[in-house]
Structure formats: C-alpha cells, structure tokens
$ cat target_34.txt   # compact mmCIF, C-alpha atoms
# COMPACT_ATOMS: atom_id res chain seq x y z
CA MET A 29 85.86 118.89 100.58
CA LYS A 30 86.76 116.83 103.63
CA LEU A 31 89.35 118.06 106.12
CA PHE A 32 91.05 115.13 107.83
CA GLN A 33 92.92 115.20 111.14
CA TYR A 34 94.12 112.52 113.54
CA TRP A 35 94.76 112.06 117.24
CA ASP A 36 95.28 108.46 118.25
CA THR A 37 93.45 108.52 121.59
CA GLY A 38 90.61 110.74 120.42
CA ASP A 39 91.26 112.97 123.44
CA PRO A 40 93.97 115.49 122.49
CA PRO A 41 95.57 117.75 125.10
CA PRO A 42 93.64 121.00 125.71
CA GLU A 43 96.02 123.14 123.65
CA VAL A 44 95.80 120.76 120.67
CA ALA A 45 92.02 120.49 121.06
CA GLY A 46 91.84 124.28 120.86
CA TRP A 47 93.80 124.33 117.59
CA ILE A 48 91.59 121.61 116.13
CA ASP A 49 88.55 123.68 117.09
CA SER A 50 90.07 126.74 115.41
CA LEU A 51 90.21 124.81 112.13
CA ARG A 52 86.56 123.83 112.49
CA ARG A 53 85.44 127.38 113.31
CA LEU A 54 87.38 129.17 110.56
CA ASN A 55 86.63 126.59 107.88
CA PRO A 56 82.91 125.82 108.11
CA ASP A 57 82.70 124.95 104.41
CA PHE A 58 84.83 121.84 104.97
CA GLU A 59 83.53 118.54 106.31
CA HIS A 60 85.86 118.17 109.28
CA GLN A 61 86.77 114.65 110.40
CA LEU A 62 88.93 114.01 113.45
CA HIS A 63 89.85 110.33 113.60
CA ASP A 64 91.33 108.30 116.43
CA GLU A 65 93.03 104.92 116.15
CA ALA A 66 89.80 102.93 116.22
CA SER A 67 87.90 105.06 113.73
CA ALA A 68 90.92 105.29 111.42
CA ALA A 69 91.26 101.50 111.45
CA ALA A 70 87.58 101.12 110.56
CA TYR A 71 87.88 103.77 107.82
CA ILE A 72 90.88 102.05 106.22
CA ALA A 73 89.28 98.61 106.38
CA ALA A 74 86.09 99.91 104.76
CA ARG A 75 87.56 102.11 102.04
CA LEU A 76 90.83 100.43 101.15
CA GLY A 77 91.34 96.81 102.11
CA GLU A 78 92.94 94.10 104.17
CA ARG A 79 96.50 94.96 103.20
CA GLU A 80 96.21 98.59 104.28
CA ALA A 81 94.30 97.59 107.43
CA ARG A 82 97.15 95.27 108.44
CA ALA A 83 99.73 97.95 107.72
CA PHE A 84 97.90 100.51 109.86
CA ALA A 85 97.54 98.00 112.70
CA ALA A 86 101.31 97.45 112.61
CA CYS A 87 102.06 101.14 113.27
CA ALA A 88 103.00 101.59 116.92
CA ALA A 89 103.99 105.26 117.03
CA PRO A 90 101.08 107.74 116.92
CA ALA A 91 102.85 109.90 114.32
CA MET A 92 103.29 106.85 112.12
CA GLN A 93 99.59 106.08 112.43
CA ALA A 94 98.81 109.65 111.41
CA ASP A 95 101.20 109.41 108.45
CA TYR A 96 99.61 106.24 107.16
CA PHE A 97 96.01 107.26 107.78
CA ARG A 98 96.65 110.54 105.95
CA LEU A 99 97.77 108.68 102.82
CA CYS A 100 94.84 106.27 102.99
CA ALA A 101 92.24 109.02 103.41
CA LEU A 102 93.60 111.28 100.68
CA PHE A 103 93.87 108.38 98.25
CA ALA A 104 90.44 106.97 99.08
CA GLU A 105 88.44 110.19 98.98
CA GLY A 106 90.64 113.15 98.22
CA GLY A 107 90.50 116.13 100.53
CA LEU A 108 92.66 118.23 102.80
CA TRP A 109 94.99 117.10 105.57
CA ILE A 110 96.28 119.39 108.33
CA ASP A 111 98.32 118.18 111.31
CA ALA A 112 96.40 118.38 114.58
CA ASP A 113 99.01 120.57 116.28
CA THR A 114 98.46 123.41 113.77
CA GLU A 115 96.36 126.48 114.61
CA ALA A 116 94.08 128.12 112.07
CA LEU A 117 94.68 131.87 111.62
CA ALA A 118 92.48 132.42 108.54
CA PRO A 119 90.25 130.34 106.24
CA ILE A 120 92.59 127.81 104.67
CA ALA A 121 90.94 127.80 101.23
CA GLY A 122 92.97 130.83 100.27
CA LEU A 123 96.16 128.79 100.39
CA PHE A 124 95.13 126.50 97.57
CA ARG A 125 92.71 128.68 95.62
CA ASP A 126 95.08 128.53 92.64
CA ALA A 127 95.83 124.80 93.01
CA PRO A 128 93.48 123.09 90.55
CA ARG A 129 94.45 119.51 91.38
CA SER A 130 96.70 119.10 94.41
CA LEU A 131 99.01 121.02 96.70
CA MET A 132 102.02 120.20 98.85
CA LEU A 133 104.34 122.44 100.82
CA GLU A 134 108.11 122.41 100.66
CA TRP A 135 110.93 123.84 102.76
CA ASP A 136 114.54 124.12 101.59
CA GLY A 137 113.64 122.11 98.51
CA PHE A 138 112.06 119.18 100.36
CA PHE A 139 108.45 118.21 101.01
CA GLY A 140 106.67 118.80 104.27
CA SER A 141 103.52 116.98 105.30
CA THR A 142 101.76 119.35 107.70
CA VAL A 143 99.39 120.35 104.90
CA MET A 144 98.47 118.19 101.92
CA MET A 145 95.55 118.68 99.52
CA PHE A 146 94.34 116.37 96.76
CA ARG A 147 91.02 117.35 95.23
CA GLN A 148 90.14 113.97 93.72
CA PRO A 149 90.44 110.39 94.99
CA GLY A 150 92.84 107.97 93.39
CA ASP A 151 95.63 110.45 92.65
CA ALA A 152 98.55 108.48 91.21
CA PHE A 153 101.17 110.39 93.22
CA ILE A 154 99.51 109.79 96.56
CA GLY A 155 98.82 106.19 95.51
CA ALA A 156 102.51 105.59 94.88
CA TYR A 157 103.36 107.28 98.19
CA LEU A 158 100.90 104.93 99.93
CA GLU A 159 102.41 101.91 98.19
CA LEU A 160 105.90 102.83 99.40
CA ALA A 161 104.71 103.34 102.98
CA SER A 162 102.84 100.01 102.91
CA ARG A 163 105.92 98.17 101.70
CA ASN A 164 108.12 99.78 104.36
CA ILE A 165 105.70 98.71 107.08
CA GLU A 166 105.37 95.17 105.74
CA GLU A 167 109.13 94.77 105.53
CA ARG A 168 109.87 96.61 108.82
CA ARG A 169 112.56 98.29 106.79
CA PHE A 170 113.25 101.48 108.78
CA SER A 171 113.28 102.37 112.47
CA ASN A 172 112.57 106.08 111.97
CA VAL A 173 109.02 107.29 111.31
CA LEU A 174 110.25 110.17 109.14
CA VAL A 175 111.80 107.68 106.74
CA ALA A 176 109.35 104.77 107.00
CA THR A 177 106.09 106.64 106.37
CA GLY A 178 106.91 110.35 106.46
CA PRO A 179 107.65 113.04 103.88
CA MET A 180 111.06 111.61 102.99
CA LEU A 181 109.16 109.02 100.97
CA ALA A 182 107.49 111.82 99.02
CA ASP A 183 110.93 113.34 98.37
CA ALA A 184 112.21 110.03 97.01
CA LEU A 185 109.14 109.63 94.83
CA ARG A 186 109.60 113.17 93.52
CA ALA A 187 113.21 112.35 92.73
CA LEU A 188 112.12 109.31 90.75
CA LEU A 189 109.73 111.42 88.69
CA ASP A 190 111.99 114.47 88.37
CA PRO A 191 115.63 113.40 87.80
CA ALA A 192 116.74 117.00 87.23
CA TRP A 193 115.50 117.94 90.70
CA ALA A 194 117.13 114.84 92.18
CA ALA A 195 120.48 115.75 90.63
CA GLY A 196 120.67 118.68 93.01
CA TRP A 197 120.90 116.25 95.94
CA GLN A 198 124.37 115.11 94.94
CA ALA A 199 125.89 118.48 95.74
CA ARG A 200 124.17 118.40 99.14
CA ARG A 201 125.10 114.86 100.12
CA ALA A 202 126.99 116.00 103.22
CA GLU A 203 123.91 117.72 104.66
CA PRO A 204 121.96 115.89 107.41
CA LEU A 205 119.43 113.42 105.99
CA VAL A 206 120.29 114.13 102.34
CA ASP A 207 122.34 110.93 102.17
CA THR A 208 119.35 109.07 103.64
CA ARG A 209 117.16 110.49 100.89
CA LEU A 210 119.61 109.23 98.27
CA GLY A 211 119.37 105.75 99.76
CA LEU A 212 115.59 105.98 99.67
CA LEU A 213 115.72 106.94 96.01
CA ASP A 214 117.67 103.77 95.24
CA LEU A 215 115.00 101.75 97.08
CA VAL A 216 112.16 103.50 95.26
CA ARG A 217 113.79 102.77 91.91
CA MET A 218 113.78 99.07 92.76
CA ARG A 219 110.15 99.09 93.87
CA LEU A 220 108.36 101.40 91.46
CA GLU A 221 108.25 102.15 87.79
CA ALA A 222 107.53 105.78 86.96
CA THR A 223 104.23 105.47 85.11
CA PRO A 224 102.69 108.16 82.90
CA GLU A 225 99.90 108.54 85.46
CA MET A 226 102.36 109.21 88.29
CA LEU A 227 104.28 111.70 86.16
CA GLU A 228 101.10 113.51 85.16
CA ALA A 229 99.97 113.72 88.80
CA TYR A 230 103.34 115.09 89.88
CA ARG A 231 103.45 117.70 87.11
CA ALA A 232 99.92 118.82 87.96
CA MET A 233 100.83 119.36 91.61
CA THR A 234 101.03 122.92 92.95
CA LEU A 235 104.07 123.45 95.18
CA ARG A 236 104.15 126.23 97.73
CA HIS A 237 106.82 127.26 100.20
CA THR A 238 105.89 126.61 103.82
CA VAL A 239 106.22 130.35 104.48
CA ASP A 240 103.21 130.88 102.19
CA ALA A 241 101.08 128.97 104.69
CA LEU A 242 101.93 131.25 107.61
CA ALA A 243 99.13 133.66 106.73
CA TYR A 244 96.67 130.82 107.29
CA LEU A 245 98.23 128.49 109.83
CA GLY A 246 100.31 128.80 112.98
CA TYR A 247 102.90 126.07 113.54
CA ARG A 248 102.89 125.43 117.30
CA ASP A 249 105.14 123.64 119.77
CA PRO A 250 102.83 121.70 122.10
CA ALA A 251 104.10 120.17 125.31
CA TYR A 252 103.56 116.59 124.08
CA LYS A 253 106.46 117.02 121.66
CA ARG A 254 108.80 116.87 124.63
CA THR A 255 107.44 113.51 125.75
CA GLU A 256 107.89 109.96 124.47
CA ARG A 257 104.64 110.30 122.50
CA HIS A 258 106.43 112.41 119.90
CA TRP A 259 108.05 110.43 117.09
CA ALA A 260 111.48 111.98 117.66
CA ASN A 261 111.47 110.72 121.29
CA TRP A 262 109.77 107.37 120.65
CA ARG A 263 111.37 104.44 122.46
CA GLY A 264 111.24 100.90 121.22
CA SER A 265 110.09 99.65 117.86
CA ILE A 266 107.83 101.83 115.73
CA TYR A 267 106.17 98.57 114.63
CA ARG A 268 103.79 96.24 116.40
CA ALA A 269 104.28 92.50 116.11
$ encode --input "target_34.txt" --output "structure tokens"
Amino acid sequence: MKLFQYWDTGDPPPEVAGWIDSLRRLNPDFEHQLHDEASAAAYIAARLGEREARAFAACAAPAMQADYFRLCALFAEGGLWIDADTEALAPIAGLFRDAPRSLMLEWDGFFGSTVMMFRQPGDAFIGAYLELASRNIEERRFSNVLVATGPMLADALRALLDPAWAAGWQARRAEPLVDTRLGLLDLVRMRLEATPEMLEAYRAMTLRHTVDALAYLGYRDPAYKRTERHWANWRGSIYRA
C-alpha cells in the first residue's frame, strides 16, 4: 500500500522532516511518497485529468493543496494518507488491521483528516468528496480552507448519506462551526444525489476515534503553525487567479 504525504516546497522544516522520516522508518512495508507542489501537479494531471489539474493549480494555500492532493491520490490509487506534521510512534498498520475497506478518524462526532485510508482506488465516498472539493474550487465558494476542501466537506457528505446522524446537528446548532456544517449540507444536497455506491462505501467505512490513533501517531505542534503558512493564519485569497 502507498503512504502519501505532502509538503509544498519539498523542503520541510527540520522538525517536520524528522517526523516524515519516522513514518518511513517504522513503516517499511509501505511505499512512501512525499510530494511537493510540482510532483503533485504532475501526479494529478497524469492520473486524473485536466479538471482536477486546474483545480489543484488554483489552490494558493499549502494546506489546501495538501487537502486536494490527498483526495486525488486516494481516489486514483487507494492507499494511506498521514499529515506531514505527525510523528510515527509505532507501525501504523495496527490502527487499521480490522478495517477491511477504508478508515477515517473522528473527534466529537466529526471527521478529521490527519489519517485517511482507502484500500482500493475509485472509492465512491472519496470520489464524492473530491467532486465537492473540485466544485468549491471552481466556484471560489468559500474563503476558509477547512470548509472549501477540508474535513467539513466529509461531514456534510456523511450527513447526506446518514440522515439520522445529521439530525443530531440540530441540537448542536449553537456550537462553533456546526451552523456552517448545516449550510454545507444544504449545498451538498443541491449538488449530489446519494447513490447506492456512495451509501455502500460509507457503510463499509471503519470509523475510529482520534484517541485510538495515539498509540501509533503523535500529533505535534510545529513552529510553522504560528506563521502565515498555516491555513488558520493565511492572508489573502486561498485561490489563485
């Protein structure tokens, strides 16, 4: 299985480079691929197509590039994604040994995107997630990376496929970002029809709490997160003209 990571410049800070190396060393059975902006663009153009290549080229913020490349790679080939600022503590295969098809982590009932695993290419859930991200980029619909290409899109897609789970949002509307998720759900309903393939892919997904990953991965706080490179501090448009 391939293990995908991304750092836009190809030259991560020393602390991040050390964490990337820890993933390589502790997971020798995986085919590790660290992509930068140029190699990710070439990968997307070769394995997906012109539409996705244009969408990736329009992503200005590095985190947005990582978000979009992640979706493209997992849809094109299947594999494992781990954020570059995550340290390996133990071989990661143990986390998804009992996940026959795919795995995503959740926290407080919502998806995270630090770790995502899809064993086979063409998964209908990740394909729908990619479609939503592509449309948001094309329409320049949101100014926040978390909403435009991040895990909030996966939450909205989950809500489309699992109305009973989505009903729990109503009671939490006053919480930060829950109201945003409800707005995203309305948008997703206009854009996508819940197909049997998407529903099957969602129901086959293994969900684990983020705490379950702590035996395998250390979530770190690198210095770059306090600079303008981090999505939360990004200035200007997240899109390129």
$ residues_around --input "target_34.txt" --residues "Gly38 of chain A" --least-positions-apart "6" --cutoff "10 Å" --atoms "only C-alpha atoms" --output "PyMOL selection string"
chain A and resi 45+62-67
$ closest_residue --input "target_34.txt" --among "A:Gly77, A:Pro250, A:Gly178, A:Pro40" --to "Ala104 of chain A" --atoms "all atoms listed in the file"
A:Gly77
$ closest_residue --input "target_34.txt" --among "A:Ile266, A:Ala241, A:Ala81, A:Leu51" --to "Thr177 of chain A" --atoms "only C-alpha atoms"
A:Ile266
$ atom_distance --input "target_34.txt" --atom1 "atom CA of Ala127 of chain A" --atom2 "atom CA of Met233 of chain A"
7.5 Å
$ closest_residue --input "target_34.txt" --among "A:Pro56, A:Tyr244, A:Phe124, A:Asp113" --to "Pro42 of chain A" --atoms "only C-alpha atoms"
A:Asp113
$ atom_distance --input "target_34.txt" --atom1 "atom CA of Leu99 of chain A" --atom2 "atom CA of Asp136 of chain A"
22.8 Å
$ atom_distance --input "target_34.txt" --atom1 "atom CA of Leu174 of chain A" --atom2 "atom CA of Ala85 of chain A"
18.0 Å
$ closest_residue --input "target_34.txt" --among "A:Ala199, A:Ala121, A:Leu181, A:Leu235" --to "Glu134 of chain A" --atoms "all atoms listed in the file"
A:Leu235
$ closest_atom_pairs --input "target_34.txt" --of "segment 63-105 of chain A" --to "segment 153-170 of chain A" --cutoff "7 Å" --atoms "all atoms listed in the file" --output "tab-separated table"
residue	atom	partner	partner_atom	distance
A:Glu80	CA	A:Ser162	CA	6.9
A:Ala83	CA	A:Ile165	CA	6.1
A:Leu99	CA	A:Leu158	CA	5.7
A:Cys100	CA	A:Leu158	CA	6.9
A:Phe103	CA	A:Ile154	CA	6.1
$ closest_residue --input "target_34.txt" --among "A:Asp111, A:Asp214, A:Asp126, A:Glu78" --to "Met144 of chain A" --atoms "only C-alpha atoms"
A:Asp111
$ residues_near_point --input "target_34.txt" --point "(119.8, 108.8, 101.0)" --cutoff "12 Å" --atoms "only C-alpha atoms" --output "NGL selection string"
:A and (175 or 180-181 or 183-184 or 187 or 194 or 197-198 or 200-216)
$ decode --input "target_34.txt" --residues "segment 83-116 of chain A" --atoms "N, CA and C atoms" --output "JSON list (two decimals), in the first residue's frame"
[["chain", "number", "residue", "atom", "x", "y", "z"],
["A", 83, "ALA", "N", -7.98, 22.55, -10.89],
["A", 83, "ALA", "CA", -8.40, 22.82, -9.52],
["A", 83, "ALA", "C", -7.20, 22.87, -8.59],
["A", 84, "PHE", "N", -6.28, 21.93, -8.74],
["A", 84, "PHE", "CA", -5.09, 21.94, -7.88],
["A", 84, "PHE", "C", -4.27, 23.20, -8.11],
["A", 85, "ALA", "N", -4.12, 23.60, -9.36],
["A", 85, "ALA", "CA", -3.34, 24.80, -9.68],
["A", 85, "ALA", "C", -3.96, 26.05, -9.08],
["A", 86, "ALA", "N", -5.28, 26.02, -8.83],
["A", 86, "ALA", "CA", -5.97, 27.19, -8.27],
["A", 86, "ALA", "C", -5.85, 27.28, -6.75],
["A", 87, "CYS", "N", -5.28, 26.27, -6.11],
["A", 87, "CYS", "CA", -5.14, 26.28, -4.65],
["A", 87, "CYS", "C", -3.90, 27.08, -4.26],
["A", 88, "ALA", "N", -4.10, 28.17, -3.54],
["A", 88, "ALA", "CA", -2.97, 29.01, -3.14],
["A", 88, "ALA", "C", -2.37, 28.57, -1.82],
["A", 89, "ALA", "N", -3.19, 28.24, -0.86],
["A", 89, "ALA", "CA", -2.71, 27.89, 0.48],
["A", 89, "ALA", "C", -2.13, 26.48, 0.48],
["A", 90, "PRO", "N", -0.95, 26.27, 1.09],
["A", 90, "PRO", "CA", -0.36, 24.93, 1.10],
["A", 90, "PRO", "C", -1.28, 23.87, 1.69],
["A", 91, "ALA", "N", -2.01, 24.20, 2.76],
["A", 91, "ALA", "CA", -2.92, 23.21, 3.35],
["A", 91, "ALA", "C", -4.02, 22.82, 2.38],
["A", 92, "MET", "N", -4.46, 23.77, 1.58],
["A", 92, "MET", "CA", -5.50, 23.48, 0.59],
["A", 92, "MET", "C", -4.94, 22.57, -0.50],
["A", 93, "GLN", "N", -3.70, 22.81, -0.90],
["A", 93, "GLN", "CA", -3.05, 21.92, -1.86],
["A", 93, "GLN", "C", -2.97, 20.50, -1.30],
["A", 94, "ALA", "N", -2.59, 20.39, -0.04],
["A", 94, "ALA", "CA", -2.50, 19.07, 0.59],
["A", 94, "ALA", "C", -3.87, 18.40, 0.64],
["A", 95, "ASP", "N", -4.90, 19.16, 1.03],
["A", 95, "ASP", "CA", -6.26, 18.62, 1.05],
["A", 95, "ASP", "C", -6.64, 18.03, -0.29],
["A", 96, "TYR", "N", -6.41, 18.80, -1.34],
["A", 96, "TYR", "CA", -6.88, 18.38, -2.66],
["A", 96, "TYR", "C", -6.04, 17.23, -3.20],
["A", 97, "PHE", "N", -4.73, 17.32, -3.02],
["A", 97, "PHE", "CA", -3.89, 16.22, -3.48],
["A", 97, "PHE", "C", -4.24, 14.93, -2.77],
["A", 98, "ARG", "N", -4.51, 14.99, -1.48],
["A", 98, "ARG", "CA", -4.90, 13.81, -0.71],
["A", 98, "ARG", "C", -6.09, 13.10, -1.36],
["A", 99, "LEU", "N", -7.13, 13.87, -1.70],
["A", 99, "LEU", "CA", -8.33, 13.29, -2.29],
["A", 99, "LEU", "C", -8.02, 12.67, -3.65],
["A", 100, "CYS", "N", -7.21, 13.38, -4.44],
["A", 100, "CYS", "CA", -6.86, 12.87, -5.77],
["A", 100, "CYS", "C", -6.08, 11.55, -5.66],
["A", 101, "ALA", "N", -5.09, 11.50, -4.78],
["A", 101, "ALA", "CA", -4.26, 10.31, -4.67],
["A", 101, "ALA", "C", -5.05, 9.12, -4.15],
["A", 102, "LEU", "N", -5.86, 9.33, -3.13],
["A", 102, "LEU", "CA", -6.62, 8.22, -2.56],
["A", 102, "LEU", "C", -7.68, 7.72, -3.54],
["A", 103, "PHE", "N", -8.25, 8.62, -4.34],
["A", 103, "PHE", "CA", -9.23, 8.18, -5.32],
["A", 103, "PHE", "C", -8.53, 7.46, -6.48],
["A", 104, "ALA", "N", -7.40, 7.98, -6.91],
["A", 104, "ALA", "CA", -6.72, 7.41, -8.08],
["A", 104, "ALA", "C", -6.12, 6.04, -7.81],
["A", 105, "GLU", "N", -5.53, 5.86, -6.62],
["A", 105, "GLU", "CA", -4.79, 4.63, -6.38],
["A", 105, "GLU", "C", -5.19, 3.89, -5.11],
["A", 106, "GLY", "N", -5.93, 4.55, -4.22],
["A", 106, "GLY", "CA", -6.10, 3.98, -2.90],
["A", 106, "GLY", "C", -4.80, 4.12, -2.13],
["A", 107, "GLY", "N", -4.85, 3.89, -0.83],
["A", 107, "GLY", "CA", -3.65, 3.98, -0.03],
["A", 107, "GLY", "C", -3.93, 4.66, 1.29],
["A", 108, "LEU", "N", -2.86, 5.10, 1.92],
["A", 108, "LEU", "CA", -2.91, 5.72, 3.24],
["A", 108, "LEU", "C", -2.39, 7.14, 3.15],
["A", 109, "TRP", "N", -3.09, 8.04, 3.83],
["A", 109, "TRP", "CA", -2.64, 9.43, 3.95],
["A", 109, "TRP", "C", -2.38, 9.73, 5.41],
["A", 110, "ILE", "N", -1.24, 10.39, 5.69],
["A", 110, "ILE", "CA", -0.94, 10.90, 7.03],
["A", 110, "ILE", "C", -0.34, 12.28, 6.88],
["A", 111, "ASP", "N", -0.87, 13.26, 7.62],
["A", 111, "ASP", "CA", -0.34, 14.62, 7.56],
["A", 111, "ASP", "C", 1.14, 14.63, 7.88],
["A", 112, "ALA", "N", 1.87, 15.52, 7.22],
["A", 112, "ALA", "CA", 3.33, 15.55, 7.36],
["A", 112, "ALA", "C", 3.79, 15.97, 8.75],
["A", 113, "ASP", "N", 2.95, 16.70, 9.49],
["A", 113, "ASP", "CA", 3.38, 17.13, 10.83],
["A", 113, "ASP", "C", 2.88, 16.16, 11.91],
["A", 114, "THR", "N", 2.95, 14.86, 11.60],
["A", 114, "THR", "CA", 2.54, 13.80, 12.51],
["A", 114, "THR", "C", 3.70, 12.83, 12.68],
["A", 115, "GLU", "N", 4.05, 12.53, 13.92],
["A", 115, "GLU", "CA", 5.19, 11.66, 14.21],
["A", 115, "GLU", "C", 4.74, 10.21, 14.38],
["A", 116, "ALA", "N", 5.47, 9.29, 13.82],
["A", 116, "ALA", "CA", 5.17, 7.87, 14.00],
["A", 116, "ALA", "C", 5.73, 7.39, 15.34]]
